[in-house]
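Structure below is coords_0.csv: CSV, C-alpha atoms.
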```
chain,number,residue,atom,x,y,z
A,133,MET,CA,170.6,125.1,103.4
A,134,ILE,CA,170.1,128.8,102.9
A,135,GLU,CA,166.6,128.2,101.5
A,136,ASN,CA,165.5,126.8,104.9
A,137,LEU,CA,167.0,129.7,106.8
A,138,GLU,CA,165.2,132.1,104.4
A,139,GLN,CA,162.0,130.3,104.8
A,140,GLU,CA,162.3,130.5,108.6
A,141,PHE,CA,163.0,134.2,108.5
A,142,VAL,CA,160.2,134.9,106.1
A,143,ASN,CA,157.7,133.1,108.3
A,144,LEU,CA,158.8,134.8,111.4
A,145,LEU,CA,158.8,138.2,109.7
A,146,GLU,CA,155.3,137.6,108.3
A,147,ASP,CA,154.0,136.9,111.7
A,148,ASN,CA,155.8,139.8,113.3
A,149,GLN,CA,155.4,142.4,110.6
A,150,ASN,CA,153.2,144.7,112.7
A,151,ILE,CA,156.2,145.7,114.7
A,152,LEU,CA,157.7,147.1,111.6
A,153,HIS,CA,154.5,148.8,110.5
A,154,LYS,CA,154.1,150.5,113.9
A,155,ILE,CA,157.6,151.9,113.7
A,156,CYS,CA,157.0,153.1,110.2
A,157,LYS,CA,153.9,154.8,111.4
A,158,LEU,CA,155.8,156.9,113.8
A,159,TYR,CA,158.7,157.7,111.4
A,160,THR,CA,156.9,158.3,108.1
A,161,SER,CA,153.8,160.3,107.1
A,162,ASP,CA,152.8,158.9,103.7
A,163,LEU,CA,152.3,155.5,102.3
A,164,ASP,CA,155.4,155.6,100.0
A,165,SER,CA,157.9,156.3,102.7
A,166,HIS,CA,156.1,153.8,104.9
A,167,GLN,CA,156.8,151.1,102.3
A,168,ASP,CA,160.4,152.3,101.7
A,169,LEU,CA,161.2,152.2,105.4
A,170,PHE,CA,159.5,148.8,105.8
A,171,GLN,CA,161.6,147.4,103.0
A,172,GLU,CA,164.8,148.9,104.4
A,173,MET,CA,164.1,147.3,107.7
A,174,VAL,CA,163.4,143.9,106.1
A,175,ILE,CA,166.8,144.1,104.4
A,176,GLN,CA,168.6,145.0,107.5
A,177,LEU,CA,166.9,142.3,109.5
A,178,TRP,CA,167.8,139.7,106.9
A,179,LYS,CA,171.4,140.9,106.9
A,180,SER,CA,171.7,140.6,110.6
A,181,TYR,CA,169.6,137.5,111.0
A,182,PRO,CA,172.6,135.1,111.2
A,183,LYS,CA,173.6,137.1,114.3
A,184,PHE,CA,170.2,136.4,115.9
A,185,LYS,CA,170.9,133.4,118.1
A,186,GLY,CA,167.5,133.2,119.7
A,187,ASP,CA,168.7,134.5,123.1
A,188,SER,CA,165.8,136.9,123.0
A,189,LYS,CA,162.5,136.6,121.4
A,190,PHE,CA,162.4,137.3,117.7
A,191,SER,CA,160.0,140.2,118.3
A,192,THR,CA,162.4,141.9,120.7
A,193,TRP,CA,165.3,141.4,118.4
A,194,ALA,CA,163.3,142.6,115.4
A,195,TYR,CA,162.1,145.8,117.0
A,196,ARG,CA,165.6,146.7,118.1
A,197,VAL,CA,167.2,146.2,114.7
A,198,SER,CA,164.2,148.0,113.0
A,199,LEU,CA,164.5,151.0,115.4
A,200,ASN,CA,168.2,151.2,114.7
A,201,THR,CA,167.5,151.1,111.0
A,202,ALA,CA,164.9,153.9,111.3
A,203,ILE,CA,167.2,156.0,113.5
A,204,SER,CA,170.2,155.7,111.2
A,205,LEU,CA,168.1,156.3,108.1
A,206,TYR,CA,166.5,159.5,109.5
A,207,ARG,CA,169.7,160.6,111.3
A,208,GLY,CA,170.5,164.1,110.3
A,209,LYS,CA,167.4,164.5,108.2
A,210,LYS,CA,165.2,167.2,109.6
A,211,SER,CA,161.7,165.9,110.0
A,212,ARG,CA,159.5,167.3,107.4
A,213,ILE,CA,156.8,169.3,108.8
A,214,GLU,CA,153.6,167.9,107.4
A,215,THR,CA,150.6,170.2,107.5
A,216,VAL,CA,148.4,167.8,105.6
A,217,ASP,CA,148.5,164.4,107.0
A,218,LEU,CA,145.7,162.4,105.6
A,219,ASP,CA,147.6,159.9,103.5
A,220,TYR,CA,147.4,157.4,106.2
A,221,SER,CA,143.8,156.9,105.5
A,222,LEU,CA,145.1,154.9,102.6
A,223,THR,CA,146.6,152.3,104.9
A,224,ASN,CA,143.2,151.4,106.2
A,225,ILE,CA,143.8,152.6,109.7
A,226,ARG,CA,140.4,152.7,111.2
A,227,TYR,CA,139.7,156.0,112.7
A,228,GLU,CA,136.0,155.8,112.2
A,229,GLU,CA,135.5,153.8,115.4
A,230,TYR,CA,136.2,156.9,117.3
A,231,ASN,CA,134.1,160.0,117.5
A,232,THR,CA,135.4,162.9,115.5
A,233,GLU,CA,136.9,164.7,118.4
A,234,THR,CA,139.0,161.7,119.4
A,235,GLU,CA,140.0,161.1,115.8
A,236,ASP,CA,141.0,164.6,115.4
A,237,GLN,CA,143.1,164.6,118.5
A,238,LEU,CA,144.8,161.4,117.5
A,239,LYS,CA,145.7,162.7,114.1
A,240,HIS,CA,147.3,165.8,115.6
A,241,LEU,CA,149.2,163.7,118.1
A,242,TYR,CA,150.7,161.5,115.4
A,243,GLU,CA,151.5,164.5,113.5
A,244,ALA,CA,153.3,166.0,116.5
A,245,VAL,CA,155.2,162.7,117.2
A,246,ARG,CA,156.4,162.6,113.6
A,247,GLN,CA,158.0,166.0,114.1
A,248,LEU,CA,160.2,164.8,117.0
A,249,ASN,CA,163.8,163.8,116.2
A,250,ASP,CA,164.7,160.2,115.4
A,251,ILE,CA,165.8,159.2,118.9
A,252,ASP,CA,162.7,160.8,120.5
A,253,LYS,CA,160.5,158.8,118.1
A,254,ALA,CA,162.3,155.6,119.2
A,255,LEU,CA,161.6,156.5,122.8
A,256,VAL,CA,157.9,157.2,122.0
A,257,TYR,CA,157.7,153.9,120.2
A,258,MET,CA,159.0,152.0,123.2
A,259,TYR,CA,156.8,153.9,125.6
A,260,LEU,CA,153.8,153.1,123.6
A,261,GLU,CA,154.8,149.5,123.5
A,262,GLU,CA,155.1,149.5,127.3
A,263,LYS,CA,158.7,148.7,127.4
A,264,ASP,CA,160.2,149.4,130.8
A,265,TYR,CA,162.9,152.0,131.3
A,266,THR,CA,165.6,149.4,131.8
A,267,GLU,CA,164.9,148.1,128.3
A,268,ILE,CA,164.6,151.5,126.8
A,269,ALA,CA,167.9,152.5,128.3
A,270,GLU,CA,169.6,149.4,127.1
A,271,THR,CA,168.2,149.6,123.6
A,272,LEU,CA,169.3,153.2,123.1
A,273,GLY,CA,172.6,152.8,125.0
A,274,ILE,CA,171.8,155.5,127.5
A,275,SER,CA,171.3,155.5,131.3
A,276,GLU,CA,167.9,154.8,132.8
A,277,VAL,CA,167.9,158.3,134.4
A,278,ASN,CA,168.7,159.8,131.1
A,279,ALA,CA,165.8,157.8,129.5
A,280,ARG,CA,163.4,159.1,132.1
A,281,VAL,CA,164.5,162.7,131.7
A,282,LYS,CA,164.2,162.4,127.9
A,283,MET,CA,160.8,160.9,128.2
A,284,ASN,CA,159.6,163.8,130.3
A,285,ARG,CA,161.0,166.3,127.9
A,286,ILE,CA,159.2,164.6,125.0
A,287,LYS,CA,155.9,164.8,126.9
A,288,SER,CA,156.3,168.5,127.5
A,289,LYS,CA,157.4,169.0,123.9
A,290,LEU,CA,154.3,167.3,122.6
A,291,LYS,CA,152.1,169.3,125.0
A,292,GLN,CA,153.7,172.5,123.8
A,293,MET,CA,153.2,171.6,120.1
A,294,LEU,CA,149.6,170.7,120.6
A,295,THR,CA,148.9,173.7,122.7
A,296,LYS,CA,150.3,175.9,119.9
A,297,LYS,CA,147.9,174.3,117.5
A,298,GLY,CA,145.1,174.8,120.0
A,299,VAL,CA,144.3,171.1,120.2
A,300,VAL,CA,144.6,170.8,123.9
B,269,MET,CA,146.0,162.3,131.4
B,270,ASP,CA,148.9,163.4,129.3
B,271,GLU,CA,149.0,163.2,125.5
B,272,LEU,CA,151.2,160.1,125.2
B,273,ASP,CA,149.0,158.1,127.5
B,274,PHE,CA,146.0,159.1,125.4
B,275,LEU,CA,147.9,157.9,122.4
B,276,LYS,CA,148.9,154.7,124.1
B,277,GLN,CA,145.3,153.9,124.8
B,278,HIS,CA,144.6,153.8,121.1
B,279,TRP,CA,148.0,152.5,120.0
B,280,GLN,CA,147.3,148.8,120.2
B,281,LYS,CA,143.9,149.3,118.5
B,282,ASP,CA,145.4,151.1,115.5
B,283,GLN,CA,146.9,148.1,114.0
B,284,ASP,CA,145.1,147.6,110.8
B,285,PHE,CA,148.1,147.6,108.5
B,286,PRO,CA,148.1,146.3,105.0
B,287,LYS,CA,149.5,142.8,105.2
B,288,VAL,CA,152.8,142.0,103.4
B,289,ASN,CA,152.8,138.4,102.3
B,290,LYS,CA,155.7,136.0,102.1
B,291,GLU,CA,156.4,136.5,98.5
B,292,GLU,CA,156.7,140.3,98.9
B,293,ILE,CA,159.1,139.8,101.9
B,294,ARG,CA,161.2,137.5,99.9
B,295,ARG,CA,161.4,139.9,97.0
B,296,MET,CA,162.5,142.6,99.4
B,297,LEU,CA,165.5,140.5,100.5
B,298,TYR,CA,166.9,140.7,97.0
B,299,LYS,CA,166.1,144.3,96.6
B,300,SER,CA,169.5,145.7,97.2
B,301,SER,CA,171.1,143.6,94.5
B,302,SER,CA,168.3,144.6,92.1
B,303,SER,CA,168.9,148.3,92.6
B,304,LEU,CA,172.6,147.9,92.0
B,305,VAL,CA,172.0,146.1,88.7
B,306,LYS,CA,169.5,148.8,87.8
B,307,TRP,CA,172.2,151.4,88.2
B,308,ILE,CA,174.6,149.4,86.0
B,309,PHE,CA,171.8,149.3,83.4
B,310,ILE,CA,171.0,153.0,83.6
B,311,ILE,CA,174.6,154.0,83.4
B,312,SER,CA,175.3,151.9,80.3
B,313,VAL,CA,172.3,153.4,78.6
B,314,ILE,CA,173.5,156.9,79.4
B,315,GLU,CA,176.9,156.0,78.0
B,316,LEU,CA,175.3,154.8,74.8
B,317,PHE,CA,173.5,158.0,74.3
B,318,VAL,CA,176.5,160.1,75.1
B,319,GLY,CA,178.4,158.0,72.5
B,320,ILE,CA,175.7,158.5,69.9
B,321,ILE,CA,175.5,162.3,70.5
B,322,LEU,CA,179.3,162.6,70.2
B,323,ASN,CA,179.2,160.6,67.0
B,324,VAL,CA,176.5,162.8,65.4
B,325,LEU,CA,178.3,166.0,66.4
B,326,LEU,CA,181.6,164.7,65.0
B,327,TYR,CA,179.8,163.7,61.8
B,328,TYR,CA,178.4,167.2,61.2
B,329,TYR,CA,181.8,168.7,62.1
B,330,ASP,CA,183.5,166.4,59.7
B,331,LYS,CA,181.0,167.2,56.9
B,332,GLU,CA,182.3,170.7,56.7
B,333,LYS,CA,185.7,169.5,55.7
B,334,VAL,CA,185.6,168.1,52.2
B,335,TYR,CA,187.8,165.1,51.7
B,336,GLU,CA,187.5,161.9,49.6
B,337,GLU,CA,186.3,158.8,51.3
B,338,ASN,CA,189.0,156.2,51.6
B,339,ILE,CA,189.0,152.6,52.5
B,340,LEU,CA,189.7,153.4,56.2
B,341,ASP,CA,186.5,155.4,56.5
B,342,ILE,CA,184.4,152.6,55.1
B,343,PHE,CA,186.1,150.1,57.4
B,344,SER,CA,185.6,152.3,60.5
B,345,ASN,CA,182.0,152.8,59.6
B,346,ILE,CA,181.6,149.0,59.6
B,347,VAL,CA,183.3,148.8,63.0
B,348,ASP,CA,181.0,151.5,64.2
B,349,VAL,CA,177.9,149.6,63.3
B,350,VAL,CA,179.2,146.3,64.7
B,351,SER,CA,180.2,148.0,68.0
B,352,TYR,CA,176.7,149.5,68.3
B,353,LEU,CA,175.3,146.0,67.9
B,354,PHE,CA,177.6,144.8,70.7
B,355,ILE,CA,176.6,147.7,72.9
B,356,PHE,CA,172.9,147.0,72.4
B,357,TYR,CA,173.6,143.4,73.3
B,358,PHE,CA,175.2,144.5,76.6
B,359,ILE,CA,172.4,146.9,77.4
B,360,TYR,CA,169.9,144.1,76.7
B,361,ALA,CA,172.0,141.7,79.0
B,362,PHE,CA,172.0,144.3,81.8
B,363,PHE,CA,168.3,144.9,81.4
B,364,THR,CA,167.4,141.2,81.6
B,365,SER,CA,169.7,140.7,84.6
B,366,TYR,CA,167.9,143.6,86.3
B,367,ARG,CA,164.5,142.1,85.4
B,368,LYS,CA,165.5,138.7,86.7
B,369,ILE,CA,167.0,139.9,89.9
B,370,LYS,CA,164.0,142.1,90.6
B,371,THR,CA,161.5,139.3,90.2
B,372,THR,CA,163.5,136.4,91.5
B,373,ASN,CA,162.5,134.7,94.7
B,374,SER,CA,165.1,132.0,94.8
B,375,THR,CA,168.5,132.4,96.3
B,376,LYS,CA,170.1,130.0,93.8
B,377,GLU,CA,168.8,132.1,90.9
B,378,LEU,CA,169.9,135.3,92.5
B,379,LEU,CA,173.5,134.0,93.0
B,380,LYS,CA,173.5,132.9,89.4
B,381,ASP,CA,172.2,136.3,88.2
B,382,ILE,CA,174.8,138.2,90.2
B,383,LEU,CA,177.6,136.1,88.8
B,384,PHE,CA,176.2,136.6,85.3
B,385,THR,CA,176.0,140.4,85.7
B,386,ARG,CA,179.5,140.5,87.1
B,387,LYS,CA,180.8,138.6,84.1
B,388,THR,CA,178.9,140.8,81.7
B,389,VAL,CA,180.3,144.0,83.3
B,390,GLY,CA,183.8,142.5,82.9
B,391,HIS,CA,183.2,141.8,79.2
B,392,TYR,CA,181.6,145.2,78.7
B,393,ILE,CA,184.6,147.0,80.1
B,394,LYS,CA,187.1,144.9,78.1
B,395,PHE,CA,185.1,145.5,74.9
B,396,ASN,CA,185.1,149.3,75.4
B,397,ILE,CA,188.8,149.4,76.1
B,398,TYR,CA,189.6,147.3,72.9
B,399,LEU,CA,187.3,149.6,71.0
B,400,ILE,CA,189.3,152.6,72.1
B,401,ILE,CA,192.6,150.9,71.3
B,402,PHE,CA,191.2,150.2,67.9
B,403,ALA,CA,190.0,153.7,67.4
B,404,ILE,CA,193.5,155.1,68.3
B,405,GLY,CA,195.1,152.7,65.8
B,406,MET,CA,192.7,153.8,63.1
B,407,ALA,CA,193.4,157.5,63.8
B,408,SER,CA,197.1,156.9,63.5
B,409,LEU,CA,196.7,155.0,60.2
B,410,SER,CA,194.6,157.7,58.7
B,411,LEU,CA,197.1,160.4,59.8
B,412,ILE,CA,199.8,158.4,58.1
B,413,LEU,CA,197.7,158.0,54.9
B,414,GLU,CA,197.0,161.8,54.9
B,415,GLU,CA,200.6,162.6,55.1
B,416,ASP,CA,201.2,161.3,51.6
B,417,ILE,CA,204.4,159.5,52.4
B,418,MET,CA,205.1,158.4,48.8
B,419,HIS,CA,206.2,161.9,47.9
B,420,LYS,CA,208.3,162.7,50.9
B,421,SER,CA,211.9,161.8,51.7
B,422,ILE,CA,212.7,158.7,53.7
B,423,GLY,CA,214.3,160.7,56.5
B,424,HIS,CA,211.1,162.7,56.8
B,425,ASN,CA,209.0,159.6,56.8
B,426,ILE,CA,211.0,157.9,59.5
B,427,LEU,CA,210.9,160.9,61.7
B,428,PHE,CA,207.1,161.3,61.0
B,429,LEU,CA,206.4,157.6,61.9
B,430,VAL,CA,208.5,157.7,65.1
B,431,LEU,CA,206.8,160.9,66.2
B,432,ILE,CA,203.3,159.7,65.4
B,433,SER,CA,204.0,156.4,67.2
B,434,ILE,CA,205.2,158.1,70.4
B,435,ILE,CA,202.4,160.7,70.4
B,436,MET,CA,199.7,158.0,69.7
B,437,PHE,CA,201.2,155.7,72.3
B,438,LEU,CA,201.2,158.5,75.0
B,439,LEU,CA,197.7,159.7,74.0
B,440,GLY,CA,196.4,156.1,74.0
B,441,TRP,CA,197.9,155.4,77.3
B,442,LEU,CA,196.4,158.6,78.8
B,443,ILE,CA,193.0,157.9,77.4
B,444,ILE,CA,192.9,154.3,78.5
B,445,SER,CA,194.1,155.3,82.0
B,446,ILE,CA,191.3,157.8,82.2
B,447,ILE,CA,188.7,155.3,80.9
B,448,LYS,CA,190.0,152.6,83.3
B,449,LEU,CA,189.7,155.0,86.2
B,450,TYR,CA,186.2,155.9,85.1
B,451,TYR,CA,185.2,152.2,85.1
B,452,ARG,CA,186.9,151.6,88.4
B,453,VAL,CA,184.9,154.4,90.0
B,454,ILE,CA,181.6,153.6,88.4
B,455,TYR,CA,181.3,149.9,87.6
B,456,ILE,CA,183.8,148.2,89.7
B,457,ARG,CA,182.3,149.9,92.8
B,458,LEU,CA,178.9,148.7,91.9
B,459,VAL,CA,180.2,145.2,91.2
B,460,LYS,CA,182.0,145.2,94.5
B,461,LYS,CA,178.8,145.9,96.3
B,462,LEU,CA,177.1,143.1,94.3
B,463,ASP,CA,180.0,140.9,95.4
B,464,LYS,CA,179.3,141.9,99.0
B,465,ASN,CA,175.7,140.8,98.7
B,466,TYR,CA,176.9,137.6,97.1
B,467,GLU,CA,179.3,136.9,100.0
B,468,ASP,CA,176.6,137.7,102.5
B,469,LEU,CA,174.4,135.1,100.9
B,470,ILE,CA,177.2,132.5,100.8
B,471,LYS,CA,178.0,133.3,104.5
B,472,LEU,CA,174.3,132.8,105.4
B,473,GLU,CA,174.5,129.4,103.7
B,474,GLU,CA,177.7,128.4,105.5
B,475,GLU,CA,176.4,129.4,108.9
B,476,GLU,CA,173.3,127.5,108.2
B,477,ASN,CA,175.3,124.4,107.5
B,478,LEU,CA,177.3,124.6,110.7
```

Show me, as structure tokens, the structure contained in the file I just sent.
Amino acid sequence: MIENLEQEFVNLLEDNQNILHKICKLYTSDLDSHQDLFQEMVIQLWKSYPKFKGDSKFSTWAYRVSLNTAISLYRGKKSRIETVDLDYSLTNIRYEEYNTETEDQLKHLYEAVRQLNDIDKALVYMYLEEKDYTEIAETLGISEVNARVKMNRIKSKLKQMLTKKGVV
Amino acid sequence: MDELDFLKQHWQKDQDFPKVNKEEIRRMLYKSSSSLVKWIFIISVIELFVGIILNVLLYYYDKEKVYEENILDIFSNIVDVVSYLFIFYFIYAFFTSYRKIKTTNSTKELLKDILFTRKTVGHYIKFNIYLIIFAIGMASLSLILEEDIMHKSIGHNILFLVLISIIMFLLGWLIISIIKLYYRVIYIRLVKKLDKNYEDLIKLEEEENL
């Protein structure tokens, strides 16, 4: 019955929720929007769960659907430029393990990534998750060459942003 | 080392996110239905307040005209009070559906609540339309009473009655069409979306049974 399906989904999602959190971290810059996006992804995943046939791993399927949700949600919306970006301390992300310099640099990097457009963020996510270019290309529906070109552009864009701020 | 690789080094370590538990996930699944019902609730409250404000304004406007109270006025006051009671009931029903859907974590309950909300919306719309038909009827009656037909010729009275019937019929038809259009745009759309959620849930159930 539907209860079983739901139970199965909830269990899988609970185990794999970090995938969603990580995407939220790149797409949002405060706790409220993080939770909103998380919720939206959960709803979209649940809606398309019947189409998930188990051909791929749940985690692979989940990150693809979630990325699509994030992209379509932020499509056309210009990324807000956040100057203050300390809300994330609320989500218990441990920066204190690092020395102050590294910590500072990481914060600026996240800030810069959040200013990229929706597709670029998806690329960054997959890059950080060590997906290969074949998979990146397939997920975004672009060619592999295009994916590489985009990735290089993102890298130089980030460098530019950080140089402007005097971080690098 | 470029910036992204630097980030990548720390990416896997930065994973201390607040954990969302099963209950919270389940509640999220029903969220879209709950926000639809919330809108139905909010709109019905706004309608009530607009209705009350209009009534108060009309009351003060009427007060300037001096005329004796007749039986119709008393009757329509009673209907006013009763209709407010009904409207409060509907608002209460929408609110409880919203609360239930928001906190439910069982699919069966959710399906039941969606059906209940849908039925309540249907009753609410019918109730409002009957109320309007009634108000138009009352307005026609009071116009007839004010005309003082006892002291007019029969020819005049027949012409007057025919005219008032035609005008009131057309006016009533126009108002009801506008109201129906309004409900179609606002409520039926929300209910349709609720239905869509309902169908999705049923579909899930069917696919599970295959």

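The shell of residues at most 9 Å from Ile401 in chain B, with all atoms listed in the file counted and near chain neighbours (fewer than 4 positions) removed, consists of Asn396, Ile397, Gly405, Met406, Gly440 and Ile444 of chain B.
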
### Query
If we count all atoms listed in the file, what is near range 302-313 of chain B at a cut-off of 12 Å, once residues fewer than 2 positions away on the same chain are taken out, given as JSON, numbers by chain?
{"B": [295, 296, 297, 298, 299, 300, 315, 316, 317, 318, 319, 320, 352, 355, 356, 357, 358, 359, 360, 361, 362, 363, 364, 365, 366, 367, 368, 369, 370, 371, 372, 373, 378, 379, 381, 382, 383, 384, 385, 386, 388, 389, 390, 392, 393, 396, 450, 451, 454, 455, 456, 457, 458, 459, 460, 461, 462, 463, 464, 465]}

If you take only C-alpha atoms and a cut-off of 10 Å, which residues of chain B touch chain A, and what are their nearest atom pairs and distances in Å to one decimal, in chain and number order, as a Markdown table?
```
| residue | atom | partner | partner_atom | distance |
| --- | --- | --- | --- | --- |
| B:Asp270 | CA | A:Lys287 | CA | 7.5 |
| B:Glu271 | CA | A:Lys291 | CA | 6.9 |
| B:Leu272 | CA | A:Lys287 | CA | 6.9 |
| B:Asp273 | CA | A:Leu260 | CA | 8.0 |
| B:Phe274 | CA | A:Leu238 | CA | 8.3 |
| B:Leu275 | CA | A:Leu238 | CA | 6.8 |
| B:Lys276 | CA | A:Leu260 | CA | 5.2 |
| B:Gln277 | CA | A:Leu260 | CA | 8.6 |
| B:His278 | CA | A:Leu238 | CA | 8.4 |
| B:Trp279 | CA | A:Leu260 | CA | 6.9 |
| B:Gln280 | CA | A:Glu261 | CA | 8.2 |
| B:Lys281 | CA | A:Arg226 | CA | 8.8 |
| B:Asp282 | CA | A:Ile225 | CA | 6.2 |
| B:Gln283 | CA | A:Ile225 | CA | 7.0 |
| B:Asp284 | CA | A:Ile225 | CA | 5.3 |
| B:Phe285 | CA | A:Thr223 | CA | 6.1 |
| B:Pro286 | CA | A:Thr223 | CA | 6.2 |
| B:Lys287 | CA | A:Gln149 | CA | 8.0 |
| B:Val288 | CA | A:Glu146 | CA | 7.0 |
| B:Asn289 | CA | A:Glu146 | CA | 6.5 |
| B:Lys290 | CA | A:Val142 | CA | 6.1 |
| B:Glu291 | CA | A:Val142 | CA | 8.6 |
| B:Glu292 | CA | A:Gln171 | CA | 9.6 |
| B:Ile293 | CA | A:Val142 | CA | 6.5 |
| B:Arg294 | CA | A:Val142 | CA | 6.8 |
| B:Arg295 | CA | A:Gln171 | CA | 9.6 |
| B:Met296 | CA | A:Gln171 | CA | 6.1 |
| B:Leu297 | CA | A:Ile175 | CA | 5.5 |
| B:Tyr298 | CA | A:Ile175 | CA | 8.1 |
| B:Lys299 | CA | A:Ile175 | CA | 7.8 |
| B:Ser300 | CA | A:Ile175 | CA | 7.9 |
| B:Ser374 | CA | A:Glu135 | CA | 7.8 |
| B:Thr375 | CA | A:Glu135 | CA | 6.9 |
| B:Lys376 | CA | A:Glu135 | CA | 8.6 |
| B:Asn465 | CA | A:Lys179 | CA | 9.3 |
| B:Asp468 | CA | A:Lys179 | CA | 7.5 |
| B:Leu469 | CA | A:Ile134 | CA | 7.9 |
| B:Ile470 | CA | A:Ile134 | CA | 8.3 |
| B:Lys471 | CA | A:Pro182 | CA | 8.8 |
| B:Leu472 | CA | A:Ile134 | CA | 6.3 |
| B:Glu473 | CA | A:Ile134 | CA | 4.5 |
| B:Glu474 | CA | A:Ile134 | CA | 8.0 |
| B:Glu475 | CA | A:Pro182 | CA | 7.2 |
| B:Glu476 | CA | A:Met133 | CA | 6.0 |
| B:Asn477 | CA | A:Met133 | CA | 6.3 |
| B:Leu478 | CA | A:Met133 | CA | 9.9 |
```

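Compared by their closest atoms to Leu199 in chain A, and using only C-alpha atoms, the residues A:Asn278, A:Ser165, A:Thr271, A:Asn249 rank with A:Thr271 nearest.
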
Would you pick out the contacts of range 189-192 of chain A at 9 Å or less, using only C-alpha atoms, so that residues sharing its chain but fewer than 2 positions from it are not included, and give the list as a PDB file with C-alpha atoms, in the coordinates of the input?
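Heads up, here's the output in selection.pdb:
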```pdb
ATOM      1  CA  LEU A 144     158.800 134.800 111.400  1.00  0.00           C
ATOM      2  CA  LEU A 145     158.800 138.200 109.700  1.00  0.00           C
ATOM      3  CA  ASN A 148     155.800 139.800 113.300  1.00  0.00           C
ATOM      4  CA  ILE A 151     156.200 145.700 114.700  1.00  0.00           C
ATOM      5  CA  PHE A 184     170.200 136.400 115.900  1.00  0.00           C
ATOM      6  CA  GLY A 186     167.500 133.200 119.700  1.00  0.00           C
ATOM      7  CA  ASP A 187     168.700 134.500 123.100  1.00  0.00           C
ATOM      8  CA  ALA A 194     163.300 142.600 115.400  1.00  0.00           C
ATOM      9  CA  TYR A 195     162.100 145.800 117.000  1.00  0.00           C
ATOM     10  CA  ARG A 196     165.600 146.700 118.100  1.00  0.00           C
ATOM     11  CA  VAL A 197     167.200 146.200 114.700  1.00  0.00           C
TER      12      VAL A 197
END
```

### Task
Show which residues sit within 9 Å of Ile443 in chain B, as a PyMOL selection string. Count all atoms listed in the file, and ignore same-chain residues fewer than 5 positions away.
chain B and resi 400+438+448

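If you look at CA of Ile268 in chain A and CA of Lys282 in chain A, they are 11.0 Å away from each other.
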
### Summary
If you count only C-alpha atoms, the residue of A:Tyr206, A:Thr160, A:Ala244, A:Glu235 closest to Lys297 in chain A turns out to be A:Ala244

### Task
For Asp250 in chain A, work out the shell of residues within 8 Å, counting all atoms listed in the file and skipping chain neighbours fewer than 6 positions away, then give it as a ChimeraX atom specification.
/A:159,202-203,206-207

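Taking CA of Asp264 in chain A and CA of Asp236 in chain A as endpoints, the distance between them is 28.9 Å.
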
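In this model, the gap between CA of Ile339 in chain B and CA of Ser410 in chain B comes to 9.8 Å.
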